[in-house]
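Heads up, structure_23.cif below (mmCIF, C-alpha atoms and all ligand atoms):
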```
data_work
#
loop_
_atom_site.group_PDB
_atom_site.id
_atom_site.type_symbol
_atom_site.label_atom_id
_atom_site.label_comp_id
_atom_site.auth_asym_id
_atom_site.auth_seq_id
_atom_site.Cartn_x
_atom_site.Cartn_y
_atom_site.Cartn_z
ATOM 1 C CA MET A 1 -20.561 -22.974 14.571
ATOM 2 C CA SER A 2 -21.522 -20.763 17.484
ATOM 3 C CA ASN A 3 -23.998 -18.437 15.725
ATOM 4 C CA ASN A 4 -26.397 -18.235 12.759
ATOM 5 C CA SER A 5 -24.381 -15.688 10.808
ATOM 6 C CA LYS A 6 -24.150 -15.869 7.006
ATOM 7 C CA THR A 7 -21.193 -13.500 7.003
ATOM 8 C CA ILE A 8 -17.682 -14.564 6.073
ATOM 9 C CA PHE A 9 -14.685 -12.498 7.140
ATOM 10 C CA VAL A 10 -11.801 -12.172 4.657
ATOM 11 C CA LEU A 11 -8.822 -10.758 6.542
ATOM 12 C CA ASN A 12 -5.668 -9.434 4.920
ATOM 13 C CA GLY A 13 -2.378 -8.756 6.655
ATOM 14 C CA PRO A 14 0.561 -6.391 6.204
ATOM 15 C CA ASN A 15 1.436 -4.804 2.863
ATOM 16 C CA LEU A 16 -1.499 -6.342 1.027
ATOM 17 C CA ASN A 17 -2.813 -2.785 0.575
ATOM 18 C CA LEU A 18 0.055 -2.495 -1.969
ATOM 19 C CA LEU A 19 -1.411 -5.201 -4.178
ATOM 20 C CA GLY A 20 -1.379 -4.228 -7.858
ATOM 21 C CA LYS A 21 1.013 -1.340 -7.203
ATOM 22 C CA ARG A 22 4.311 -3.289 -7.042
ATOM 23 C CA GLU A 23 5.700 -6.790 -7.759
ATOM 24 C CA PRO A 24 2.950 -7.812 -10.242
ATOM 25 C CA GLU A 25 5.165 -10.709 -11.366
ATOM 26 C CA ILE A 26 4.668 -12.295 -7.925
ATOM 27 C CA TYR A 27 1.308 -11.010 -6.753
ATOM 28 C CA GLY A 28 -0.523 -10.110 -9.977
ATOM 29 C CA ALA A 29 -1.886 -6.823 -11.290
ATOM 30 C CA GLN A 30 -5.189 -6.704 -9.436
ATOM 31 C CA SER A 31 -5.638 -4.348 -6.484
ATOM 32 C CA LEU A 32 -7.066 -5.306 -3.095
ATOM 33 C CA VAL A 33 -10.265 -3.459 -4.060
ATOM 34 C CA ASP A 34 -10.485 -5.748 -7.121
ATOM 35 C CA VAL A 35 -10.035 -8.773 -4.824
ATOM 36 C CA GLU A 36 -12.763 -7.490 -2.511
ATOM 37 C CA LYS A 37 -15.147 -7.192 -5.483
ATOM 38 C CA LEU A 38 -14.211 -10.708 -6.608
ATOM 39 C CA CYS A 39 -14.939 -12.117 -3.139
ATOM 40 C CA GLY A 40 -18.176 -10.130 -2.785
ATOM 41 C CA GLY A 41 -19.521 -11.395 -6.112
ATOM 42 C CA PHE A 42 -18.504 -14.965 -5.337
ATOM 43 C CA LEU A 43 -20.161 -14.980 -1.907
ATOM 44 C CA GLY A 44 -23.251 -13.024 -2.968
ATOM 45 C CA ALA A 45 -24.032 -15.628 -5.623
ATOM 46 C CA ARG A 46 -23.921 -18.279 -2.886
ATOM 47 C CA GLY A 47 -26.059 -16.487 -0.297
ATOM 48 C CA TYR A 48 -23.272 -15.249 1.968
ATOM 49 C CA ASP A 49 -22.257 -11.744 3.010
ATOM 50 C CA LEU A 50 -18.667 -10.501 2.939
ATOM 51 C CA ASP A 51 -16.765 -8.562 5.580
ATOM 52 C CA PHE A 52 -13.421 -7.740 3.922
ATOM 53 C CA ARG A 53 -10.607 -6.039 5.865
ATOM 54 C CA GLN A 54 -6.877 -5.296 5.713
ATOM 55 C CA SER A 55 -4.497 -4.261 8.476
ATOM 56 C CA ASN A 56 -0.767 -3.734 8.817
ATOM 57 C CA HIS A 57 -1.029 -4.375 12.570
ATOM 58 C CA GLU A 58 -0.797 -7.833 14.121
ATOM 59 C CA GLY A 59 -2.949 -6.963 17.158
ATOM 60 C CA GLU A 60 -5.735 -5.603 14.979
ATOM 61 C CA LEU A 61 -5.839 -8.886 13.057
ATOM 62 C CA VAL A 62 -6.045 -10.727 16.408
ATOM 63 C CA THR A 63 -8.951 -8.494 17.483
ATOM 64 C CA TRP A 64 -10.762 -9.097 14.182
ATOM 65 C CA LEU A 65 -10.371 -12.862 14.571
ATOM 66 C CA HIS A 66 -12.010 -12.578 18.002
ATOM 67 C CA GLU A 67 -14.800 -10.500 16.448
ATOM 68 C CA ALA A 68 -15.320 -13.199 13.808
ATOM 69 C CA TRP A 69 -16.308 -15.680 16.532
ATOM 70 C CA ASP A 70 -19.549 -13.762 17.250
ATOM 71 C CA ASN A 71 -20.133 -12.147 13.888
ATOM 72 C CA SER A 72 -19.259 -14.692 11.200
ATOM 73 C CA CYS A 73 -19.624 -18.310 10.184
ATOM 74 C CA GLY A 74 -15.987 -18.535 9.039
ATOM 75 C CA VAL A 75 -12.811 -16.723 8.077
ATOM 76 C CA CYS A 76 -10.385 -16.731 5.160
ATOM 77 C CA ILE A 77 -7.093 -15.092 6.054
ATOM 78 C CA ASN A 78 -4.104 -13.983 4.038
ATOM 79 C CA ALA A 79 -1.915 -13.090 6.997
ATOM 80 C CA GLY A 80 0.906 -11.812 4.759
ATOM 81 C CA ALA A 81 4.322 -11.968 6.415
ATOM 82 C CA TYR A 82 2.726 -12.568 9.847
ATOM 83 C CA THR A 83 2.019 -16.056 8.486
ATOM 84 C CA HIS A 84 5.652 -16.895 9.083
ATOM 85 C CA THR A 85 6.116 -15.256 12.491
ATOM 86 C CA SER A 86 2.922 -14.901 14.483
ATOM 87 C CA ILE A 87 2.181 -17.173 17.419
ATOM 88 C CA ALA A 88 -0.439 -14.571 18.400
ATOM 89 C CA LEU A 89 -2.387 -15.239 15.199
ATOM 90 C CA HIS A 90 -2.007 -19.001 15.699
ATOM 91 C CA ASP A 91 -3.429 -18.693 19.225
ATOM 92 C CA ALA A 92 -6.282 -16.424 18.085
ATOM 93 C CA ILE A 93 -7.295 -18.871 15.339
ATOM 94 C CA ARG A 94 -7.156 -21.753 17.825
ATOM 95 C CA GLY A 95 -9.139 -19.709 20.325
ATOM 96 C CA ILE A 96 -12.193 -19.042 18.192
ATOM 97 C CA GLU A 97 -14.874 -21.565 17.340
ATOM 98 C CA VAL A 98 -15.284 -20.704 13.673
ATOM 99 C CA PRO A 99 -13.379 -22.412 10.849
ATOM 100 C CA VAL A 100 -10.438 -20.513 9.369
ATOM 101 C CA VAL A 101 -8.817 -21.106 5.956
ATOM 102 C CA GLU A 102 -5.276 -19.835 5.329
ATOM 103 C CA LEU A 103 -4.622 -18.477 1.850
ATOM 104 C CA HIS A 104 -1.769 -17.003 -0.171
ATOM 105 C CA LEU A 105 -1.547 -15.456 -3.610
ATOM 106 C CA SER A 106 1.898 -16.929 -4.236
ATOM 107 C CA ASN A 107 3.051 -20.496 -3.588
ATOM 108 C CA ILE A 108 4.860 -19.910 -0.305
ATOM 109 C CA HIS A 109 6.466 -23.383 -0.530
ATOM 110 C CA ALA A 110 8.163 -22.529 -3.846
ATOM 111 C CA ARG A 111 9.700 -19.270 -2.586
ATOM 112 C CA GLU A 112 12.414 -18.324 -0.073
ATOM 113 C CA GLU A 113 12.910 -20.842 2.729
ATOM 114 C CA PHE A 114 11.676 -18.403 5.384
ATOM 115 C CA ARG A 115 8.261 -18.480 3.678
ATOM 116 C CA HIS A 116 7.991 -22.272 3.806
ATOM 117 C CA THR A 117 6.912 -22.268 7.440
ATOM 118 C CA SER A 118 3.428 -21.145 8.388
ATOM 119 C CA MET A 119 2.842 -20.465 12.074
ATOM 120 C CA ILE A 120 -0.917 -20.495 11.483
ATOM 121 C CA ALA A 121 -1.366 -23.581 9.261
ATOM 122 C CA ALA A 122 -1.842 -26.050 12.120
ATOM 123 C CA ALA A 123 -4.612 -23.906 13.591
ATOM 124 C CA CYS A 124 -6.500 -23.615 10.290
ATOM 125 C CA ILE A 125 -8.748 -26.181 8.618
ATOM 126 C CA GLY A 126 -6.560 -25.974 5.487
ATOM 127 C CA GLN A 127 -4.330 -23.884 3.263
ATOM 128 C CA ILE A 128 -4.664 -22.577 -0.318
ATOM 129 C CA SER A 129 -1.445 -21.215 -1.822
ATOM 130 C CA GLY A 130 -0.214 -20.218 -5.253
ATOM 131 C CA PHE A 131 -3.249 -19.434 -7.410
ATOM 132 C CA GLY A 132 -3.062 -15.643 -7.489
ATOM 133 C CA THR A 133 -6.349 -13.906 -6.797
ATOM 134 C CA ALA A 134 -8.136 -17.220 -7.478
ATOM 135 C CA SER A 135 -6.661 -18.334 -4.135
ATOM 136 C CA TYR A 136 -9.308 -16.131 -2.516
ATOM 137 C CA THR A 137 -12.283 -17.753 -4.259
ATOM 138 C CA LEU A 138 -10.757 -21.227 -3.861
ATOM 139 C CA ALA A 139 -10.377 -20.579 -0.136
ATOM 140 C CA LEU A 140 -13.971 -19.316 0.074
ATOM 141 C CA GLU A 141 -15.189 -22.409 -1.795
ATOM 142 C CA ALA A 142 -13.290 -24.652 0.629
ATOM 143 C CA LEU A 143 -14.680 -22.770 3.626
ATOM 144 C CA ILE A 144 -18.286 -22.887 2.390
ATOM 145 C CA THR A 145 -17.976 -26.608 1.614
ATOM 146 C CA HIS A 146 -16.634 -27.197 5.110
ATOM 147 C CA ILE A 147 -19.444 -25.152 6.723
ATOM 148 C CA ALA A 148 -22.143 -26.941 4.725
HETATM 149 O O1 LIG B 201 1.521 -14.849 -1.310
HETATM 150 C C1 LIG B 201 0.924 -14.242 -0.402
HETATM 151 O O2 LIG B 201 -0.276 -13.984 -0.459
HETATM 152 C C2 LIG B 201 1.711 -13.757 0.824
HETATM 153 O O3 LIG B 201 0.896 -13.919 1.965
HETATM 154 C C3 LIG B 201 1.994 -12.306 0.564
HETATM 155 C C4 LIG B 201 2.896 -11.659 1.633
HETATM 156 C C5 LIG B 201 4.146 -12.517 1.869
HETATM 157 O O4 LIG B 201 4.895 -11.979 2.947
HETATM 158 C C6 LIG B 201 3.797 -13.958 2.158
HETATM 159 O O5 LIG B 201 5.005 -14.686 2.314
HETATM 160 C C7 LIG B 201 2.999 -14.553 1.039
HETATM 161 C C8 LIG B 201 3.350 -10.276 1.188
HETATM 162 C C9 LIG B 201 2.228 -9.344 0.879
HETATM 163 C C10 LIG B 201 2.817 -8.093 0.328
HETATM 164 O O6 LIG B 201 2.179 -7.803 -0.873
HETATM 165 C C11 LIG B 201 2.771 -6.905 -1.697
HETATM 166 C C12 LIG B 201 2.091 -6.627 -2.850
HETATM 167 C C13 LIG B 201 2.627 -5.733 -3.742
HETATM 168 C C14 LIG B 201 3.850 -5.137 -3.479
HETATM 169 C C15 LIG B 201 4.532 -5.429 -2.328
HETATM 170 C C16 LIG B 201 3.984 -6.308 -1.428
#
```

Take the structure from the file and write it as structure tokens.
Ligand code: CA2
Amino acid sequence: MSNNSKTIFVLNGPNLNLLGKREPEIYGAQSLVDVEKLCGGFLGARGYDLDFRQSNHEGELVTWLHEAWDNSCGVCINAGAYTHTSIALHDAIRGIEVPVVELHLSNIHAREEFRHTSMIAAACIGQISGFGTASYTLALEALITHIA
């Protein structure tokens, strides 16, 4: 770890702002604001601060990963569909010296074949996939355990 921060970044990629508004059978009924509250409560009880963000733009996610290097002790990322396409996110995760956990609401390995490949998995310390909104707290638990 390159700083003394107690802040954890939770980054969300494209279309996750639609959470709770469509496809509840796949992604659940909770909104992204609900997920932010869930993460905030989980981290607060464990002495960490939350910086929770969502972007539909690949470059913005790259910039936020860079920012996490100086301003966080770790990152959980649901990169959305960029998971399956983005070498830029892979390189950004590799380029920073803070641990990153990949997470997904749905089980990407049980869905369409194009979702089976993650371009970021090899750059992350691990992957949580398929537990709905609990994937967020499971990923945070894994990250905190790794940091400690
Ligand atoms: O399961 C996940 O968390 C995903 O990262 C979600 C992405 C998908 O492209 C990944 O393969 C798996 C999609 C996020 C879009 O979320 C929506 C939520 C409600 C309605 C429409 C899209």

Kindly assemble as a tab-separated table a list of the chain A residues that lie within 8 Å of ligand LIG 201 (chain B), each paired with its nearest atom pair and their distance in Å to one decimal, using only C-alpha atoms and all ligand atoms, sorted first by chain and then by ascending residue number.
```
residue	atom	partner	partner_atom	distance
A:Gly13	CA	B:LIG201	C9	7.4
A:Pro14	CA	B:LIG201	C9	6.3
A:Asn15	CA	B:LIG201	C10	4.4
A:Leu16	CA	B:LIG201	O6	4.4
A:Asn17	CA	B:LIG201	C12	7.1
A:Leu18	CA	B:LIG201	C13	4.5
A:Leu19	CA	B:LIG201	C12	4.0
A:Gly20	CA	B:LIG201	C13	5.9
A:Lys21	CA	B:LIG201	C13	5.8
A:Arg22	CA	B:LIG201	C14	4.0
A:Glu23	CA	B:LIG201	C14	4.9
A:Pro24	CA	B:LIG201	C13	6.8
A:Ile26	CA	B:LIG201	O1	7.8
A:Tyr27	CA	B:LIG201	C12	5.9
A:Asn78	CA	B:LIG201	O3	5.4
A:Ala79	CA	B:LIG201	O3	5.8
A:Gly80	CA	B:LIG201	O3	3.5
A:Ala81	CA	B:LIG201	O4	3.5
A:Tyr82	CA	B:LIG201	O4	7.3
A:Thr83	CA	B:LIG201	C6	6.9
A:His84	CA	B:LIG201	O5	7.1
A:Leu103	CA	B:LIG201	O2	6.7
A:His104	CA	B:LIG201	O2	3.4
A:Leu105	CA	B:LIG201	O2	3.7
A:Ser106	CA	B:LIG201	O1	3.6
A:Asn107	CA	B:LIG201	O1	6.3
A:Ile108	CA	B:LIG201	C7	5.8
A:Arg115	CA	B:LIG201	O5	5.2
A:Ser129	CA	B:LIG201	O1	7.0
A:Gly130	CA	B:LIG201	O1	6.9
A:Gly132	CA	B:LIG201	O1	7.7
```

Which polymer residues, whether protein, DNA or RNA, lie within 12 Å of the coordinate (2.6, -15.1, 17.0) when you count all atoms listed in the file? List them as a count of residues only, using the chain letters and numbers from the file. 23

So that I can see what lies close to Glu102 of chain A, please list as a PyMOL selection string the residues with an atom at most 8 Å from it, counting all atoms listed in the file and leaving out residues fewer than 5 positions away in the same chain. chain A and resi 76-79+120-121+124-128+139

Please dump the current selection as a compact mmCIF listing (two decimals), in the coordinates of the input; keep C-alpha atoms.
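Full text of out_21.txt as output:
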```txt
# COMPACT_ATOMS: atom_id res chain seq x y z
CA CYS A 76 -10.38 -16.73 5.16
CA ILE A 77 -7.09 -15.09 6.05
CA ASN A 78 -4.10 -13.98 4.04
CA ALA A 79 -1.92 -13.09 7.00
CA ILE A 120 -0.92 -20.50 11.48
CA ALA A 121 -1.37 -23.58 9.26
CA CYS A 124 -6.50 -23.62 10.29
CA ILE A 125 -8.75 -26.18 8.62
CA GLY A 126 -6.56 -25.97 5.49
CA GLN A 127 -4.33 -23.88 3.26
CA ILE A 128 -4.66 -22.58 -0.32
CA ALA A 139 -10.38 -20.58 -0.14
```

If we count only C-alpha atoms, what is near Val35 of chain A at a cut-off of 10 Å, once residues fewer than 2 positions away on the same chain are taken out, given as a PyMOL selection string? chain A and resi 19+30-33+37-41+52+133-134+136-137

Mind working out the centre and edge lengths of an axis-aligned box for segment 86-93 of chain A, all listed atoms inside, 8 Å added to each side, rounded to one decimal in Å and written as lines of an AutoDock Vina configuration file?
```
center_x = -2.2
center_y = -16.8
center_z = 16.9
size_x = 26.2
size_y = 20.4
size_z = 20.7
```

To one decimal place in Å, what is the distance between atom CA of Pro99 of chain A and atom CA of Leu50 of chain A?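 These atoms are spaced 15.2 Å apart.
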
Between atom CA of Ser135 of chain A and atom CA of Trp64 of chain A, what is the distance, to one decimal in Å?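 Computing the Euclidean distance for atom CA of Ser135 of chain A and atom CA of Trp64 of chain A yields 20.9 Å.
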
Find the residue from A:Cys73, A:Ala45, A:Leu11, A:Val101 that sits nearest to Leu140 of chain A; use all atoms listed in the file when measuring.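 Checking each of A:Cys73, A:Ala45, A:Leu11, A:Val101 against Leu140 of chain A, counting all atoms listed in the file, the winner is A:Val101.
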
Measure the distance from atom CA of Val98 of chain A to atom CA of Glu60 of chain A in Å and round it to one decimal.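 These atoms are spaced 17.9 Å apart.
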
Hey, what's within 9 Å of segment 68-71 of chain A if we count all atoms listed in the file and toss same-chain stuff fewer than 4 positions away? As a ChimeraX atom specification, please? /A:1-9,63-64,75,96-98

Pop segment 15-38 of chain A out of the structure in the block and write N, CA, C and O atoms as a short mmCIF file (atom, residue, chain, number, x, y, z; two decimals), in the first residue's frame.
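The resulting file, result-v2.cif, is shown below:
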```
data_model
loop_
_atom_site.label_atom_id
_atom_site.label_comp_id
_atom_site.auth_asym_id
_atom_site.auth_seq_id
_atom_site.Cartn_x
_atom_site.Cartn_y
_atom_site.Cartn_z
N ASN A 15 -24.03 1.70 -17.57
CA ASN A 15 -25.42 1.26 -17.41
C ASN A 15 -25.80 0.86 -15.99
O ASN A 15 -26.96 0.58 -15.72
N LEU A 16 -24.85 0.87 -15.09
CA LEU A 16 -25.20 0.48 -13.71
C LEU A 16 -26.05 1.56 -13.02
O LEU A 16 -26.70 1.28 -12.01
N ASN A 17 -26.11 2.76 -13.61
CA ASN A 17 -27.06 3.77 -13.12
C ASN A 17 -28.51 3.34 -13.35
O ASN A 17 -29.43 3.91 -12.76
N LEU A 18 -28.72 2.33 -14.21
CA LEU A 18 -30.08 1.83 -14.48
C LEU A 18 -30.54 0.76 -13.50
O LEU A 18 -31.67 0.27 -13.59
N LEU A 19 -29.67 0.42 -12.59
CA LEU A 19 -29.97 -0.66 -11.63
C LEU A 19 -31.30 -0.41 -10.91
O LEU A 19 -31.56 0.69 -10.43
N GLY A 20 -32.13 -1.44 -10.84
CA GLY A 20 -33.43 -1.32 -10.17
C GLY A 20 -34.52 -0.80 -11.07
O GLY A 20 -35.70 -0.88 -10.73
N LYS A 21 -34.14 -0.27 -12.24
CA LYS A 21 -35.14 0.32 -13.14
C LYS A 21 -35.56 -0.64 -14.24
O LYS A 21 -36.66 -0.53 -14.79
N ARG A 22 -34.65 -1.58 -14.61
CA ARG A 22 -34.96 -2.58 -15.65
C ARG A 22 -34.24 -3.88 -15.30
O ARG A 22 -33.32 -3.91 -14.50
N GLU A 23 -34.69 -4.98 -15.92
CA GLU A 23 -34.08 -6.31 -15.77
C GLU A 23 -33.87 -6.73 -14.31
O GLU A 23 -32.78 -7.21 -13.96
N PRO A 24 -34.89 -6.58 -13.45
CA PRO A 24 -34.71 -6.99 -12.04
C PRO A 24 -34.47 -8.48 -11.89
O PRO A 24 -33.86 -8.91 -10.90
N GLU A 25 -34.93 -9.27 -12.89
CA GLU A 25 -34.72 -10.73 -12.82
C GLU A 25 -33.24 -11.09 -12.92
O GLU A 25 -32.81 -12.14 -12.44
N ILE A 26 -32.45 -10.22 -13.53
CA ILE A 26 -31.00 -10.47 -13.64
C ILE A 26 -30.23 -9.70 -12.56
O ILE A 26 -29.35 -10.25 -11.90
N TYR A 27 -30.59 -8.43 -12.38
CA TYR A 27 -29.75 -7.57 -11.56
C TYR A 27 -30.37 -7.19 -10.20
O TYR A 27 -29.75 -6.48 -9.42
N GLY A 28 -31.61 -7.65 -9.95
CA GLY A 28 -32.25 -7.34 -8.68
C GLY A 28 -33.03 -6.03 -8.74
O GLY A 28 -32.99 -5.31 -9.74
N ALA A 29 -33.71 -5.74 -7.64
CA ALA A 29 -34.63 -4.59 -7.60
C ALA A 29 -34.01 -3.37 -6.94
O ALA A 29 -34.58 -2.28 -6.97
N GLN A 30 -32.85 -3.53 -6.34
CA GLN A 30 -32.25 -2.41 -5.63
C GLN A 30 -31.58 -1.43 -6.60
O GLN A 30 -31.01 -1.84 -7.63
N SER A 31 -31.64 -0.15 -6.27
CA SER A 31 -31.01 0.88 -7.10
C SER A 31 -29.53 1.02 -6.73
O SER A 31 -29.08 0.50 -5.70
N LEU A 32 -28.80 1.78 -7.55
CA LEU A 32 -27.39 2.01 -7.23
C LEU A 32 -27.24 2.85 -5.96
O LEU A 32 -26.26 2.67 -5.22
N VAL A 33 -28.21 3.71 -5.69
CA VAL A 33 -28.19 4.47 -4.42
C VAL A 33 -28.34 3.50 -3.24
O VAL A 33 -27.65 3.65 -2.22
N ASP A 34 -29.21 2.50 -3.39
CA ASP A 34 -29.35 1.47 -2.34
C ASP A 34 -28.01 0.74 -2.13
O ASP A 34 -27.62 0.46 -0.99
N VAL A 35 -27.34 0.42 -3.23
CA VAL A 35 -26.05 -0.30 -3.14
C VAL A 35 -25.01 0.59 -2.46
O VAL A 35 -24.22 0.11 -1.63
N GLU A 36 -25.03 1.87 -2.78
CA GLU A 36 -24.08 2.79 -2.13
C GLU A 36 -24.32 2.81 -0.62
O GLU A 36 -23.36 2.77 0.18
N LYS A 37 -25.59 2.86 -0.21
CA LYS A 37 -25.90 2.85 1.23
C LYS A 37 -25.43 1.55 1.88
O LYS A 37 -24.89 1.55 3.00
N LEU A 38 -25.66 0.44 1.19
CA LEU A 38 -25.21 -0.86 1.69
C LEU A 38 -23.70 -0.86 1.92
O LEU A 38 -23.21 -1.28 2.98
#
```
